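What follows is one structure encoded as structure tokens, with my remarks underneath.
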Amino acid sequence: MFLIIGALVVIGVIYLLLKRHESRMVLIAAGILMCCIAGKPMASLDAFAKSMTNAGLITSVCSCMGFAWCMKYTGCDKHLVVAIGKVLKKMGFLLIPGATLATFVVNIAIPSAAGCSAAVGVIFIPIMMSAGIHPAMAAAAVKSGTYGSMLNPGLVHNAVIAKLAGVQITDVIANHMLATVAGVIVAAAVLTVLAVVLKENRGFAPEGEAGVDENFGINPLFAVMPLVPVIILLLGSTKLVPALKMGVPHAMVIGAILSLAVTRKNPVELTKSFFDGMGDAYANIIGIIISVGVFVAGLNALGLIKALINWMLNSTGIVKIAATFGPFVLALISGSGDAATVAFTPHAAQFGLETMNMGSIAALGGTLGRTISPIAGATIICAGIAGVDPMEVCKRNALGITLALVVGMILLLL
């Protein structure tokens with residue numbers, strides 16, 4: 001009975017989100033309702049409180065948005081947008097796949113999808129929008145590249161698989177590297193074609209803006225400032241400059257300070273801008289993530305996620321299909337690829353697969369499922385930066401990511 005009720009609630013939530021009702025209200029209400037039905041009303045409130053203090057996520061998202069507001073105050077963002085915009089005009093259809101592949105590379109160094117989306121999104125998304133790309137398409141281009149972390153040795157998925165399979169982490173990465181890279185190429189190509197078909201690759205002008213101002217005087221030093229945090233993070237994470245290895249918030253604060261020194265703006269106003277940006281991020285981005293936490297708590301309280309996993313593991317007739325699409329579906333529903341990897345990898349023998357192959361399939365499937373989940377933190381961040389509904393981003397990524405899954409799984413199962 002609980003499972004039927006849970007399924008009906010999920011359908012209702014999807015319907016209300018598609019109708020563009022207030023996302024936070026819908027998700028929190030659904031989560032509380034499911035927890036109450038399951039007889040665990042406090043579980044929803046516990047999830048609410050826990051999500052409010054998710055240190056890693058809050059520090060990354062809020063600091064990145066604080067830095068973005070500083071760039072807007074100093075005008076450095078406009079210098080970068082105009083400078084790159086003039087170049088991008090000559091790139092044509094290469095802009096969208098370029099943004100996806102660039103995000104993929106950055107995500108290797110910054111393995112947090114949410115952190116990478118925040119750091120890269122505040123630069124790439126406004127640039128694409130200024131070049132005439134539809135906001136939702138711009139957000140989708142960045143979001144579809146947020147699984148480069150699969151190639152990062154520090155990613156928890158790779159560590160879990162290596163431990164269960166009794167191999168080195170580098171062996172795990174080598175096992176799924178071809179599938180992962182092929183997947184992002186497919187996703188980028190499909191998204192580019194879709195943008196052309198939907199006529200969202202050019203012609204869009206943000207309200208109150210006229211696109212790139214050809215007569216705007218570009219200060220090269222100002223234009224570099226928005227890139228400073230990403231450069232610091234890349235140099236530090238790749239150990240090219242070990243002294244620069246630091247967290248996302250550290251890089252954002254350093255970037256803000258350097259922009260103040262370069263532009264010589266009012267330090268009081270710049271400080272206000274930074275904290276105003278942090279507050280806006282908490283209200284409009286972290287707020288939705290908190291709501292998602294409550295919703296997932298409801299799904300867990302009714303046993304919906306556990307039942308889905310058990311059904312897939314026990315469906316011997318479709319075991320290979322379940323091995324491929326099970327983690328994908330689970331991540332799509334829950335917004336997290338972690339659960340899929342941990343849940344499916346230990347059952348490799350039941351699926352007739354080696355542990356490392358099963359782990360690679362589960363990890364890639366889960367990561368791709370999270371990439372098109374409307375309740376994933378990175379999706380919400382990209383949508384928030386672009387000022388669009390998360391569902392609009394997911395709809396544009398659905399075809400490309402699904403085909404990336406098929407291509408990736410074929411390569412892994414060969």
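Chain labels run A, B, ... following the order of the structure tokens; each chain numbers its residues from 1, and ligands are numbered from 1 in the order shown.
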Enumerate as a PyMOL selection string all residues of region 340-409 of chain A assigned to alpha helix (DSSP H) by DSSP on the backbone, naming them with the chain letters and numbers the document uses.
chain A and resi 340-344+355-371+377-386+390-409
Report the closest atom pair, with its distance in Å rounded to one decimal, for each residue of region 174-272 of chain A that has an atom no farther than 9 Å from region 350-367 of chain A; count only C-alpha atoms, sort by chain and then rising residue number, and write it as a Markdown table.
```
| residue | atom | partner | partner_atom | distance |
| --- | --- | --- | --- | --- |
| A:Asn175 | CA | A:Ser360 | CA | 7.4 |
| A:His176 | CA | A:Ser360 | CA | 6.0 |
| A:Ala179 | CA | A:Leu364 | CA | 8.5 |
| A:Thr180 | CA | A:Leu364 | CA | 7.2 |
```
Dump all heavy atoms for the selected residues as a PDB file, in the first residue's frame?
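This went into again25.pdb:
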```pdb
ATOM      1  N   ASN A 175      39.089   1.353 -16.774  1.00  0.00           N
ATOM      2  CA  ASN A 175      38.034   0.462 -17.225  1.00  0.00           C
ATOM      3  C   ASN A 175      36.863   1.214 -17.848  1.00  0.00           C
ATOM      4  O   ASN A 175      36.273   0.765 -18.835  1.00  0.00           O
ATOM      5  CB  ASN A 175      37.531  -0.390 -16.049  1.00  0.00           C
ATOM      6  CG  ASN A 175      36.537  -1.446 -16.477  1.00  0.00           C
ATOM      7  OD1 ASN A 175      36.839  -2.274 -17.343  1.00  0.00           O
ATOM      8  ND2 ASN A 175      35.346  -1.430 -15.891  1.00  0.00           N
ATOM      9  N   HIS A 176      36.515   2.368 -17.265  1.00  0.00           N
ATOM     10  CA  HIS A 176      35.349   3.095 -17.793  1.00  0.00           C
ATOM     11  C   HIS A 176      35.700   4.397 -18.524  1.00  0.00           C
ATOM     12  O   HIS A 176      34.807   5.135 -18.940  1.00  0.00           O
ATOM     13  CB  HIS A 176      34.344   3.384 -16.674  1.00  0.00           C
ATOM     14  CG  HIS A 176      34.849   4.279 -15.582  1.00  0.00           C
ATOM     15  ND1 HIS A 176      35.207   5.591 -15.788  1.00  0.00           N
ATOM     16  CD2 HIS A 176      35.031   4.066 -14.245  1.00  0.00           C
ATOM     17  CE1 HIS A 176      35.583   6.143 -14.651  1.00  0.00           C
ATOM     18  NE2 HIS A 176      35.497   5.230 -13.693  1.00  0.00           N
ATOM     19  N   ALA A 179      34.225   4.704 -22.165  1.00  0.00           N
ATOM     20  CA  ALA A 179      32.768   4.855 -22.123  1.00  0.00           C
ATOM     21  C   ALA A 179      32.373   6.245 -21.638  1.00  0.00           C
ATOM     22  O   ALA A 179      31.435   6.857 -22.161  1.00  0.00           O
ATOM     23  CB  ALA A 179      32.162   3.787 -21.210  1.00  0.00           C
ATOM     24  N   THR A 180      33.091   6.749 -20.646  1.00  0.00           N
ATOM     25  CA  THR A 180      32.787   8.064 -20.089  1.00  0.00           C
ATOM     26  C   THR A 180      33.041   9.176 -21.099  1.00  0.00           C
ATOM     27  O   THR A 180      32.203  10.065 -21.289  1.00  0.00           O
ATOM     28  CB  THR A 180      33.632   8.324 -18.824  1.00  0.00           C
ATOM     29  OG1 THR A 180      33.375   7.286 -17.865  1.00  0.00           O
ATOM     30  CG2 THR A 180      33.294   9.665 -18.210  1.00  0.00           C
TER      31      THR A 180
END
```
Using only C-alpha atoms, find each residue in region 242-300 of chain A having at least one atom no more than 9 Å away from region 23-43 of chain A; report its shortest atom-to-atom pair and that distance in Å (one decimal), rows by chain then rising number, as CSV.
```
residue,atom,partner,partner_atom,distance
A:Gly287,CA,A:Arg24,CA,7.1
A:Ile288,CA,A:Arg24,CA,5.4
A:Ile289,CA,A:Arg24,CA,8.5
A:Ile290,CA,A:Arg24,CA,8.2
A:Ser291,CA,A:Ile28,CA,5.1
A:Val292,CA,A:Leu27,CA,6.1
A:Gly293,CA,A:Gly31,CA,8.3
A:Val294,CA,A:Gly31,CA,5.0
A:Phe295,CA,A:Gly31,CA,3.8
A:Val296,CA,A:Gly31,CA,6.8
A:Ala297,CA,A:Gly31,CA,6.4
A:Gly298,CA,A:Gly31,CA,4.4
A:Leu299,CA,A:Met34,CA,6.9
A:Asn300,CA,A:Cys35,CA,8.5
```
Dump N, CA, C and O atoms for the selected residues as a short mmCIF file (atom, residue, chain, number, x, y, z; two decimals), in the first residue's frame?
```
data_model
loop_
_atom_site.label_atom_id
_atom_site.label_comp_id
_atom_site.auth_asym_id
_atom_site.auth_seq_id
_atom_site.Cartn_x
_atom_site.Cartn_y
_atom_site.Cartn_z
N GLY A 287 17.76 26.67 -1.06
CA GLY A 287 16.37 26.48 -0.61
C GLY A 287 15.70 25.32 -1.33
O GLY A 287 14.98 24.53 -0.73
N ILE A 288 15.95 25.21 -2.64
CA ILE A 288 15.36 24.10 -3.40
C ILE A 288 16.03 22.78 -3.03
O ILE A 288 15.38 21.74 -2.93
N ILE A 289 17.34 22.83 -2.80
CA ILE A 289 18.06 21.62 -2.41
C ILE A 289 17.56 21.10 -1.06
O ILE A 289 17.42 19.90 -0.84
N ILE A 290 17.27 22.03 -0.15
CA ILE A 290 16.69 21.65 1.15
C ILE A 290 15.34 20.97 0.94
O ILE A 290 15.04 19.94 1.55
N SER A 291 14.56 21.53 0.04
CA SER A 291 13.24 20.97 -0.26
C SER A 291 13.36 19.57 -0.85
O SER A 291 12.57 18.68 -0.54
N VAL A 292 14.37 19.38 -1.69
CA VAL A 292 14.61 18.05 -2.28
C VAL A 292 14.96 17.04 -1.19
O VAL A 292 14.53 15.89 -1.22
N GLY A 293 15.75 17.48 -0.20
CA GLY A 293 16.09 16.60 0.92
C GLY A 293 14.87 16.10 1.66
O GLY A 293 14.79 14.93 2.04
N VAL A 294 13.90 16.98 1.84
CA VAL A 294 12.65 16.59 2.50
C VAL A 294 11.87 15.59 1.65
O VAL A 294 11.33 14.60 2.14
N PHE A 295 11.85 15.83 0.34
CA PHE A 295 11.15 14.95 -0.58
C PHE A 295 11.76 13.54 -0.59
O PHE A 295 11.05 12.53 -0.51
N VAL A 296 13.08 13.48 -0.65
CA VAL A 296 13.78 12.18 -0.66
C VAL A 296 13.55 11.45 0.66
O VAL A 296 13.42 10.22 0.69
N ALA A 297 13.47 12.20 1.76
CA ALA A 297 13.19 11.59 3.07
C ALA A 297 11.82 10.91 3.04
O ALA A 297 11.64 9.83 3.61
N GLY A 298 10.88 11.54 2.35
CA GLY A 298 9.55 10.94 2.20
C GLY A 298 9.61 9.65 1.40
O GLY A 298 8.95 8.65 1.75
N LEU A 299 10.38 9.65 0.31
CA LEU A 299 10.52 8.44 -0.51
C LEU A 299 11.14 7.30 0.30
O LEU A 299 10.70 6.14 0.20
N ASN A 300 12.13 7.64 1.11
CA ASN A 300 12.77 6.62 1.96
C ASN A 300 11.83 6.12 3.04
O ASN A 300 11.82 4.93 3.37
#
```
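Using only C-alpha atoms, the shortest contact distance between Ala223 (chain A) and any of A:Ser60, A:Val262, A:Gly121, A:Gly335 is found at A:Val262.
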Test item: residues at most 12 Å from Ser63 (chain A), only C-alpha atoms, excluding those fewer than 6 positions along its chain, as a PyMOL selection string:
chain A and resi 55-57+69-70+115+118-119+122+229+247-256+273-282+286
Just to be explicit: take each residue in the selection above, keep C-alpha atoms, and write the result as a PDB file, in the first residue's frame.
```pdb
ATOM      1  CA  ALA A  55      28.555  22.399   4.785  1.00  0.00           C
ATOM      2  CA  GLY A  56      30.247  21.339   1.552  1.00  0.00           C
ATOM      3  CA  LEU A  57      27.322  22.308  -0.648  1.00  0.00           C
ATOM      4  CA  TRP A  69      27.624  39.247  -7.618  1.00  0.00           C
ATOM      5  CA  CYS A  70      31.031  40.870  -7.008  1.00  0.00           C
ATOM      6  CA  GLY A 115      30.612  22.895  -6.953  1.00  0.00           C
ATOM      7  CA  ALA A 118      28.513  26.898  -9.525  1.00  0.00           C
ATOM      8  CA  ALA A 119      32.129  27.736 -10.400  1.00  0.00           C
ATOM      9  CA  VAL A 122      28.530  31.740 -13.401  1.00  0.00           C
ATOM     10  CA  PRO A 229      38.927  31.240  -9.050  1.00  0.00           C
ATOM     11  CA  GLY A 247      38.564  24.694  -1.469  1.00  0.00           C
ATOM     12  CA  VAL A 248      36.048  26.476  -3.699  1.00  0.00           C
ATOM     13  CA  PRO A 249      35.185  29.152  -1.067  1.00  0.00           C
ATOM     14  CA  HIS A 250      38.863  30.020  -0.607  1.00  0.00           C
ATOM     15  CA  ALA A 251      39.319  30.549  -4.342  1.00  0.00           C
ATOM     16  CA  MET A 252      36.190  32.691  -4.562  1.00  0.00           C
ATOM     17  CA  VAL A 253      37.269  34.997  -1.734  1.00  0.00           C
ATOM     18  CA  ILE A 254      40.743  35.364  -3.254  1.00  0.00           C
ATOM     19  CA  GLY A 255      39.138  36.173  -6.596  1.00  0.00           C
ATOM     20  CA  ALA A 256      36.920  38.825  -5.009  1.00  0.00           C
ATOM     21  CA  SER A 273      27.571  42.484  -2.988  1.00  0.00           C
ATOM     22  CA  PHE A 274      29.398  39.325  -1.935  1.00  0.00           C
ATOM     23  CA  PHE A 275      27.083  38.678   1.004  1.00  0.00           C
ATOM     24  CA  ASP A 276      23.976  39.667  -0.940  1.00  0.00           C
ATOM     25  CA  GLY A 277      24.955  37.057  -3.518  1.00  0.00           C
ATOM     26  CA  MET A 278      25.453  34.458  -0.805  1.00  0.00           C
ATOM     27  CA  GLY A 279      22.028  35.234   0.632  1.00  0.00           C
ATOM     28  CA  ASP A 280      20.363  35.019  -2.745  1.00  0.00           C
ATOM     29  CA  ALA A 281      22.064  31.672  -3.395  1.00  0.00           C
ATOM     30  CA  TYR A 282      20.820  30.254  -0.101  1.00  0.00           C
ATOM     31  CA  ILE A 286      20.048  25.978  -1.463  1.00  0.00           C
TER      32      ILE A 286
END
```
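If you measure from each of A:Ile161, A:Ala138, A:Leu308, A:Ile232 to Glu392 (chain A) using only C-alpha atoms, the closest one turns out to be A:Ala138.
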Among listed residues A:Glu22, A:Asp46, A:Asp389, A:Asp77, nearest Phe222 (chain A) (using only C-alpha atoms):
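The shortest atom-to-atom distance to Phe222 (chain A) comes from A:Asp77.
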Pro226 (chain A) proximity check over A:Gly148, A:Gly98, A:Pro327, A:Pro126, using only C-alpha atoms: winner is A:Pro126
